[in-house]
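Structure record follows, encoded as structure tokens.
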Amino acid sequence: MVKSKTRSQNLKRVFILAGEPSGDRLAADLMAGLKLYFPTIEIHGVGGPLMVKEGLKVVYPYDELAIMGLFEVLKHYRHLVRLKNSIAHTIIRENYDLVITVDSQDFSIRLAKELKVHKFSQPIIHYVLPTVWAWRANRITKVKQFYDHILYLFPFEKEILDQNAISGSFVGHPITRLCQITPKDYNTVIKSMGIDLDQDILLILPGSRKSEFKRSVPVFSATVNKVLNAHPRFQPVVVLAPNIVEYSNQFTEQWSSSIKFFDPRLISSRQFDQYKMALFCTSKIALAMSGSVSLELAASQTPMVIGYDFDNWFTRQIIKRMLLINTVTLVNLVSHSHSVPECLGTDFNSTQLSEELKKLIESQTCYQKQLDSFKIVMEKLAFPMSDINYPAAEAIYQHCVNQDSG
């Protein structure tokens with residue numbers, strides 16, 4: 001429930017931008033809260049299916065922004081510049097009351113800069129602090145220069161914002177507020193996929209971007225075959241992200257014939273997240289590309305092995321030299337542990353990945369160590385006030401109130 005309060009009436013038209021599935025989820029949750037705080041609000045922008053479901057009036061397609069890697073971005077540089085300029089022109093012309101950019105760090109900060117250069121006078125809020133604590137720390141100067149307020153997910157980010165005198169609000173992570181999964185949900189998913197209840201599920205999460213998916217399929221498929229040779233009781237299940245499912249068809253023959261697919265086309269969008277989480281919760285272990293999915297697995301208490309590599313050698317070398325941290329997995333970062341094994345760069349191969357998975361299967365100590373770290377992560381990422389269901393929307397409401405009173 002939203003706390004009873006005098007609601008601000010000045011926020012009527014908002015522009016929200018999210019350029020990838022993780023941002024789509026965050027922004028959709030934010031939109032649900034904003035509609036409670038500002039009942040007459042109109043929300044326009046760039047977003048995916050979850051945001052559209054919440055009532056987003058789409059201005060530009062969002063999948064054009066999901067590009068990773070320095071050289072990968074360079075290949076699409078001109079298009080991204082044109083897109084950024086076009087979006088900025090629309091925002092300025094329509095003079096939205098508020099602009100909210102969600103994740104998509106590089107594109108978002110360039111858009112915010114473009115708006116500031118053209119003297120856009122309304123507040124610009126960014127949701128998810130750019131990973132200045134991981135690499136490219138100099139971006140914090142741009143954050144301070146181009147954003148009016150930051151909504152941040154991780155408690156350790158407060159110190160960074162305070163040190164740089166940047167206005168921000170800790171909003172926790174929506175992953176800690178996932179809906180409860182019932183035995184009926186488990187049974188529905190397992191039955192619909194024809195999985196034997198006696199089998200243990202090896203969950204495979206090959207990424208939600210086309211570039212990630214293309215890189216992961218041959219490596220993950222070979223990894224699964226090696227694990228099954230040692231532990232044939234496992235049933236591998238690939239989870240296809242809604243935005244990647246059509247693209248995935250061209251890779252079908254590369255997967256082992258024993259693999260089953262969790263296909264979002266077979267269920268409604270309303271059921272997808274609930275059934276996906278039910279599948280996560282009932283899985284024994286998972287193999288995943290690095291990203292926010294590690295937090296979903298932690299929330300579902302599913303131990304994992306993480307892999308990642310860029311498809312460009314130069315990108316890999318540059319990022320390797322610029323990294324400020326010794327782990328890229330969010331679970332490890334938040335729990336201050338290395339409980340989740342990572343196979344990155346040259347270690348992103350079926351031999352390394354399969355060995356880590358077999359170790360997880362065969363060692364109860366390794367398995368339990370991850371479960372213990374998941375508990376720490378969920379406690380740290382939870383918003384401290386249990387009576388506020390939409391902390392990000394609450395933070396924006398409070399920011400608007402402070403702007404009004406100022």
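Ordering of the structure tokens sets the chain letters (A, B, ...), residue numbers begin anew at 1 in every chain, and ligands are numbered from 1 in the order given.
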Polymer residues at most 10 Å from Val328 in chain A, only C-alpha atoms, same-chain spacing of 6 or more positions, as an MDAnalysis selection string: chainID A and resid 134 290:291 306:308 342 344
Each range 145-229 of chain A residue no farther than 8 Å from range 268-282 of chain A, nearest pair in Å, only C-alpha atoms, as a tab-separated table:
residue	atom	partner	partner_atom	distance
A:Cys179	CA	A:Gln274	CA	7.5
A:Ile181	CA	A:Ala278	CA	6.0
A:Thr182	CA	A:Ala278	CA	7.9
A:Asp185	CA	A:Ala278	CA	6.0
A:Tyr186	CA	A:Ala278	CA	5.3
A:Val189	CA	A:Tyr275	CA	6.3
A:Ile190	CA	A:Leu279	CA	7.7
A:Ile201	CA	A:Thr282	CA	7.4
A:Leu203	CA	A:Phe280	CA	7.3
Would you output that residue set with N, CA and C atoms, as a PDB file, in the first residue's frame?
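Listing of result35.pdb after writing:
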ATOM      1  N   CYS A 179       6.958 -12.242  -6.199  1.00  0.00           N
ATOM      2  CA  CYS A 179       5.735 -12.900  -5.723  1.00  0.00           C
ATOM      3  C   CYS A 179       6.049 -14.310  -5.223  1.00  0.00           C
ATOM      4  N   ILE A 181       5.888 -18.183  -4.889  1.00  0.00           N
ATOM      5  CA  ILE A 181       5.632 -19.279  -5.825  1.00  0.00           C
ATOM      6  C   ILE A 181       4.977 -20.428  -5.069  1.00  0.00           C
ATOM      7  N   THR A 182       3.905 -20.949  -5.616  1.00  0.00           N
ATOM      8  CA  THR A 182       3.151 -22.016  -4.964  1.00  0.00           C
ATOM      9  C   THR A 182       3.499 -23.377  -5.564  1.00  0.00           C
ATOM     10  N   ASP A 185       2.272 -23.769  -9.012  1.00  0.00           N
ATOM     11  CA  ASP A 185       3.119 -23.177 -10.056  1.00  0.00           C
ATOM     12  C   ASP A 185       4.216 -24.157 -10.479  1.00  0.00           C
ATOM     13  N   TYR A 186       4.868 -24.775  -9.492  1.00  0.00           N
ATOM     14  CA  TYR A 186       5.898 -25.768  -9.813  1.00  0.00           C
ATOM     15  C   TYR A 186       5.326 -26.867 -10.700  1.00  0.00           C
ATOM     16  N   VAL A 189       4.470 -25.881 -14.352  1.00  0.00           N
ATOM     17  CA  VAL A 189       5.634 -25.724 -15.207  1.00  0.00           C
ATOM     18  C   VAL A 189       6.245 -27.073 -15.558  1.00  0.00           C
ATOM     19  N   ILE A 190       6.469 -27.896 -14.562  1.00  0.00           N
ATOM     20  CA  ILE A 190       7.101 -29.193 -14.779  1.00  0.00           C
ATOM     21  C   ILE A 190       6.241 -30.070 -15.693  1.00  0.00           C
ATOM     22  N   ILE A 201      16.971 -30.575 -12.321  1.00  0.00           N
ATOM     23  CA  ILE A 201      17.004 -29.649 -13.452  1.00  0.00           C
ATOM     24  C   ILE A 201      18.296 -28.838 -13.444  1.00  0.00           C
ATOM     25  N   LEU A 203      19.468 -25.659 -15.073  1.00  0.00           N
ATOM     26  CA  LEU A 203      18.908 -24.487 -15.739  1.00  0.00           C
ATOM     27  C   LEU A 203      19.989 -23.802 -16.572  1.00  0.00           C
TER      28      LEU A 203
END
Which residues are near range 109-113 of chain A? Cut-off 12 Å, only C-alpha atoms, ignore same chain within fewer than 6 positions. Put them as an mmCIF file with C-alpha atoms, in the first residue's frame.
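Now in around_20.cif:
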data_model
loop_
_atom_site.group_PDB
_atom_site.id
_atom_site.type_symbol
_atom_site.label_atom_id
_atom_site.label_comp_id
_atom_site.auth_asym_id
_atom_site.auth_seq_id
_atom_site.Cartn_x
_atom_site.Cartn_y
_atom_site.Cartn_z
ATOM 1 C CA ILE A 16 11.070 6.853 -19.314
ATOM 2 C CA LEU A 17 13.848 5.108 -21.243
ATOM 3 C CA ALA A 18 14.972 1.494 -20.753
ATOM 4 C CA LEU A 80 23.036 5.340 -31.760
ATOM 5 C CA VAL A 81 23.966 9.023 -32.108
ATOM 6 C CA ARG A 82 21.028 9.626 -34.445
ATOM 7 C CA LEU A 83 18.723 7.770 -32.079
ATOM 8 C CA LYS A 84 19.981 9.741 -29.075
ATOM 9 C CA ASN A 85 19.509 13.050 -30.889
ATOM 10 C CA SER A 86 16.031 12.089 -32.053
ATOM 11 C CA ILE A 87 14.913 11.067 -28.564
ATOM 12 C CA ALA A 88 16.370 14.250 -27.056
ATOM 13 C CA HIS A 89 14.550 16.350 -29.669
ATOM 14 C CA THR A 90 11.259 14.640 -28.802
ATOM 15 C CA ILE A 91 11.744 15.180 -25.052
ATOM 16 C CA ILE A 92 12.585 18.847 -25.502
ATOM 17 C CA LEU A 98 10.367 14.497 -15.720
ATOM 18 C CA VAL A 99 12.821 12.260 -17.580
ATOM 19 C CA ILE A 100 13.827 8.913 -16.076
ATOM 20 C CA THR A 101 16.550 6.809 -17.677
ATOM 21 C CA VAL A 102 16.847 3.218 -16.475
ATOM 22 C CA ASP A 103 20.158 1.364 -16.736
ATOM 23 C CA LYS A 119 19.030 23.661 -21.554
ATOM 24 C CA PHE A 120 16.249 21.175 -20.799
ATOM 25 C CA SER A 121 15.021 22.534 -17.468
ATOM 26 C CA GLN A 122 13.030 19.626 -16.043
ATOM 27 C CA PRO A 123 14.584 17.052 -13.654
ATOM 28 C CA ILE A 124 16.481 14.075 -15.068
ATOM 29 C CA ILE A 125 16.613 11.033 -12.791
ATOM 30 C CA HIS A 126 18.674 7.916 -13.451
ATOM 31 C CA TYR A 127 17.656 4.546 -12.042
ATOM 32 C CA VAL A 128 20.663 2.253 -11.333
ATOM 33 C CA LEU A 129 23.953 3.974 -10.667
ATOM 34 C CA PRO A 130 26.463 3.309 -13.473
ATOM 35 C CA ARG A 139 31.970 8.468 -15.142
ATOM 36 C CA ILE A 140 30.973 9.686 -11.674
ATOM 37 C CA THR A 141 31.815 13.229 -12.838
ATOM 38 C CA LYS A 142 29.292 12.906 -15.653
ATOM 39 C CA VAL A 143 26.707 11.456 -13.289
ATOM 40 C CA LYS A 144 27.030 14.556 -11.105
ATOM 41 C CA GLN A 145 26.967 16.915 -14.077
ATOM 42 C CA PHE A 146 24.040 15.518 -16.044
ATOM 43 C CA TYR A 147 21.640 13.924 -13.528
ATOM 44 C CA ASP A 148 19.559 15.616 -10.852
ATOM 45 C CA HIS A 149 18.988 12.488 -8.770
ATOM 46 C CA ILE A 150 20.057 8.841 -8.702
#
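Taking CA of Gly172 in chain A and CA of Pro61 in chain A as the two end points, the separation is 27.9 Å.
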DSSP-assigned helix (DSSP H, G or I) members of range 156-390 of chain A, reported as a PyMOL selection string: chain A and resi 157-163+174-177+183-193+210-230+245-254+264-266+269-282+293-299+313-322+330-335+345-347+350-362+364-381
Of the listed residues A:Glu94, A:Ala299, A:Ala382, A:Arg78, that which approaches Val59 in chain A most closely, counting only C-alpha atoms: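 Of the candidates, the smallest distance to Val59 in chain A is held by A:Glu94.
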What are the nearest atom pairs, with distances in Å to one decimal, for all residues of range 120-194 of chain A that come at most 10 Å from range 248-264 of chain A, using only C-alpha atoms, set out by chain and rising residue number as CSV?
residue,atom,partner,partner_atom,distance
A:Val189,CA,A:Phe262,CA,8.9
A:Ser192,CA,A:Phe262,CA,9.5
A:Met193,CA,A:Lys260,CA,7.4
A:Gly194,CA,A:Lys260,CA,8.8
Between CA of Ala392 in chain A and CA of Val171 in chain A, distance in Å (one decimal):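 Computing the Euclidean distance for CA of Ala392 in chain A and CA of Val171 in chain A yields 5.4 Å.
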Residue nearest Val219 in chain A among A:Leu295, A:Asn349, A:Asn243, A:Phe107 (counting only C-alpha atoms): A:Asn349
Near-Ala32 in chain A list (10 Å; only C-alpha atoms; drop same-chain fewer than 2 positions) as a ChimeraX atom specification: /A:27-30,34-37,51,53-55,390,393
How would the residues just chosen look if you wrote them out with N, CA, C and O atoms as a short mmCIF file (atom, residue, chain, number, x, y, z; two decimals), in the first residue's frame?
data_model
loop_
_atom_site.label_atom_id
_atom_site.label_comp_id
_atom_site.auth_asym_id
_atom_site.auth_seq_id
_atom_site.Cartn_x
_atom_site.Cartn_y
_atom_site.Cartn_z
N ALA A 27 11.86 -0.72 -14.78
CA ALA A 27 11.01 0.40 -15.17
C ALA A 27 9.53 0.04 -15.04
O ALA A 27 8.71 0.89 -14.66
N ALA A 28 9.16 -1.19 -15.36
CA ALA A 28 7.76 -1.61 -15.23
C ALA A 28 7.32 -1.56 -13.77
O ALA A 28 6.21 -1.10 -13.46
N ASP A 29 8.18 -2.01 -12.87
CA ASP A 29 7.88 -1.94 -11.44
C ASP A 29 7.75 -0.49 -11.00
O ASP A 29 6.84 -0.13 -10.23
N LEU A 30 8.63 0.37 -11.49
CA LEU A 30 8.56 1.80 -11.18
C LEU A 30 7.26 2.41 -11.69
O LEU A 30 6.60 3.18 -10.98
N LEU A 34 4.40 4.59 -9.80
CA LEU A 34 4.10 5.98 -10.18
C LEU A 34 2.61 6.19 -10.43
O LEU A 34 2.06 7.25 -10.11
N LYS A 35 1.96 5.18 -10.98
CA LYS A 35 0.52 5.31 -11.26
C LYS A 35 -0.29 5.40 -9.97
O LYS A 35 -1.40 5.95 -9.97
N LEU A 36 0.24 4.87 -8.88
CA LEU A 36 -0.44 4.98 -7.59
C LEU A 36 -0.21 6.36 -6.97
O LEU A 36 -1.12 6.94 -6.38
N TYR A 37 1.00 6.86 -7.09
CA TYR A 37 1.32 8.17 -6.52
C TYR A 37 0.74 9.32 -7.35
O TYR A 37 0.38 10.36 -6.81
N MET A 51 6.98 -2.92 -19.72
CA MET A 51 6.59 -1.53 -19.61
C MET A 51 5.33 -1.24 -20.42
O MET A 51 4.46 -0.49 -19.99
N LYS A 53 3.01 -3.34 -21.01
CA LYS A 53 1.91 -3.91 -20.22
C LYS A 53 1.45 -2.95 -19.12
O LYS A 53 0.26 -2.91 -18.77
N GLU A 54 2.38 -2.15 -18.60
CA GLU A 54 2.03 -1.17 -17.56
C GLU A 54 1.47 0.13 -18.12
O GLU A 54 1.18 1.06 -17.38
N GLY A 55 1.36 0.19 -19.46
CA GLY A 55 0.72 1.35 -20.07
C GLY A 55 1.65 2.33 -20.75
O GLY A 55 1.24 3.44 -21.09
N TYR A 390 6.59 0.22 -3.32
CA TYR A 390 7.26 0.73 -4.50
C TYR A 390 8.28 1.80 -4.10
O TYR A 390 8.04 3.00 -4.26
N ALA A 393 9.29 4.50 -6.77
CA ALA A 393 8.23 5.50 -6.98
C ALA A 393 8.14 6.44 -5.78
O ALA A 393 7.94 7.65 -5.93
#
Counting only C-alpha atoms, the residue of A:Gln199, A:Ser363, A:Asn187, A:Thr351 that sits nearest Arg233 in chain A: A:Gln199
Which of range 50-265 of chain A fall in strand (DSSP E or B), as a PyMOL selection string: chain A and resi 57-61+98-102+124-127+135+149-152+168-170+200-205+234-239+260-262
Nearest candidate to Met304 in chain A (options A:Ser221, A:Leu205, A:Ala241, A:Pro236; using only C-alpha atoms):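 The answer is A:Leu205, which sits nearest to Met304 in chain A.
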Nearest residue to Ser283 in chain A from the set A:Leu197, A:Val377, A:Ala230, A:Val132 (distances using only C-alpha atoms):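 For Ser283 in chain A, the nearest of the given residues is A:Leu197.
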Selected residue of minimal separation from Met378 in chain A among A:Thr176, A:Gln398, A:Ser300, A:Thr188, counting only C-alpha atoms: A:Thr176
d(CA of Val46 in chain A, CA of Ser108 in chain A) in Å: 11.3 Å
Selection: 9 Å around His231 in chain A, only C-alpha atoms, excl. self and same-chain fewer than 3 positions, as a list in words: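 The contact residues come out as Lys226, Val227, Leu228, Phe234, Lys358 and Ile361 of chain A.
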Store the residues picked out above, limited to N, CA, C and O atoms, as a PDB file, in the first residue's frame.
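Result file follows (part_18.pdb):
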ATOM      1  N   LYS A 226      29.064 -32.423 -21.416  1.00  0.00           N
ATOM      2  CA  LYS A 226      30.095 -32.939 -20.509  1.00  0.00           C
ATOM      3  C   LYS A 226      29.537 -33.200 -19.115  1.00  0.00           C
ATOM      4  O   LYS A 226      29.902 -34.181 -18.459  1.00  0.00           O
ATOM      5  N   VAL A 227      28.623 -32.333 -18.668  1.00  0.00           N
ATOM      6  CA  VAL A 227      28.021 -32.540 -17.349  1.00  0.00           C
ATOM      7  C   VAL A 227      27.141 -33.778 -17.361  1.00  0.00           C
ATOM      8  O   VAL A 227      27.162 -34.596 -16.427  1.00  0.00           O
ATOM      9  N   LEU A 228      26.369 -33.958 -18.429  1.00  0.00           N
ATOM     10  CA  LEU A 228      25.464 -35.114 -18.513  1.00  0.00           C
ATOM     11  C   LEU A 228      26.229 -36.429 -18.605  1.00  0.00           C
ATOM     12  O   LEU A 228      25.744 -37.464 -18.127  1.00  0.00           O
ATOM     13  N   PHE A 234      20.518 -35.428 -14.646  1.00  0.00           N
ATOM     14  CA  PHE A 234      20.083 -34.048 -14.835  1.00  0.00           C
ATOM     15  C   PHE A 234      19.300 -33.856 -16.137  1.00  0.00           C
ATOM     16  O   PHE A 234      19.629 -34.463 -17.168  1.00  0.00           O
ATOM     17  N   LYS A 358      30.310 -29.505 -12.183  1.00  0.00           N
ATOM     18  CA  LYS A 358      30.460 -30.820 -11.531  1.00  0.00           C
ATOM     19  C   LYS A 358      30.918 -30.664 -10.079  1.00  0.00           C
ATOM     20  O   LYS A 358      30.479 -31.418  -9.202  1.00  0.00           O
ATOM     21  N   ILE A 361      27.888 -29.820  -8.127  1.00  0.00           N
ATOM     22  CA  ILE A 361      27.042 -31.001  -7.957  1.00  0.00           C
ATOM     23  C   ILE A 361      27.602 -31.948  -6.901  1.00  0.00           C
ATOM     24  O   ILE A 361      26.870 -32.509  -6.078  1.00  0.00           O
TER      25      ILE A 361
END
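For Ser292 in chain A, the set of protein, DNA and RNA residues having any atom at most 9 Å away, when counting only C-alpha atoms and skipping those fewer than 6 positions along the same chain, is Ser22, Thr329 and Leu330 of chain A.
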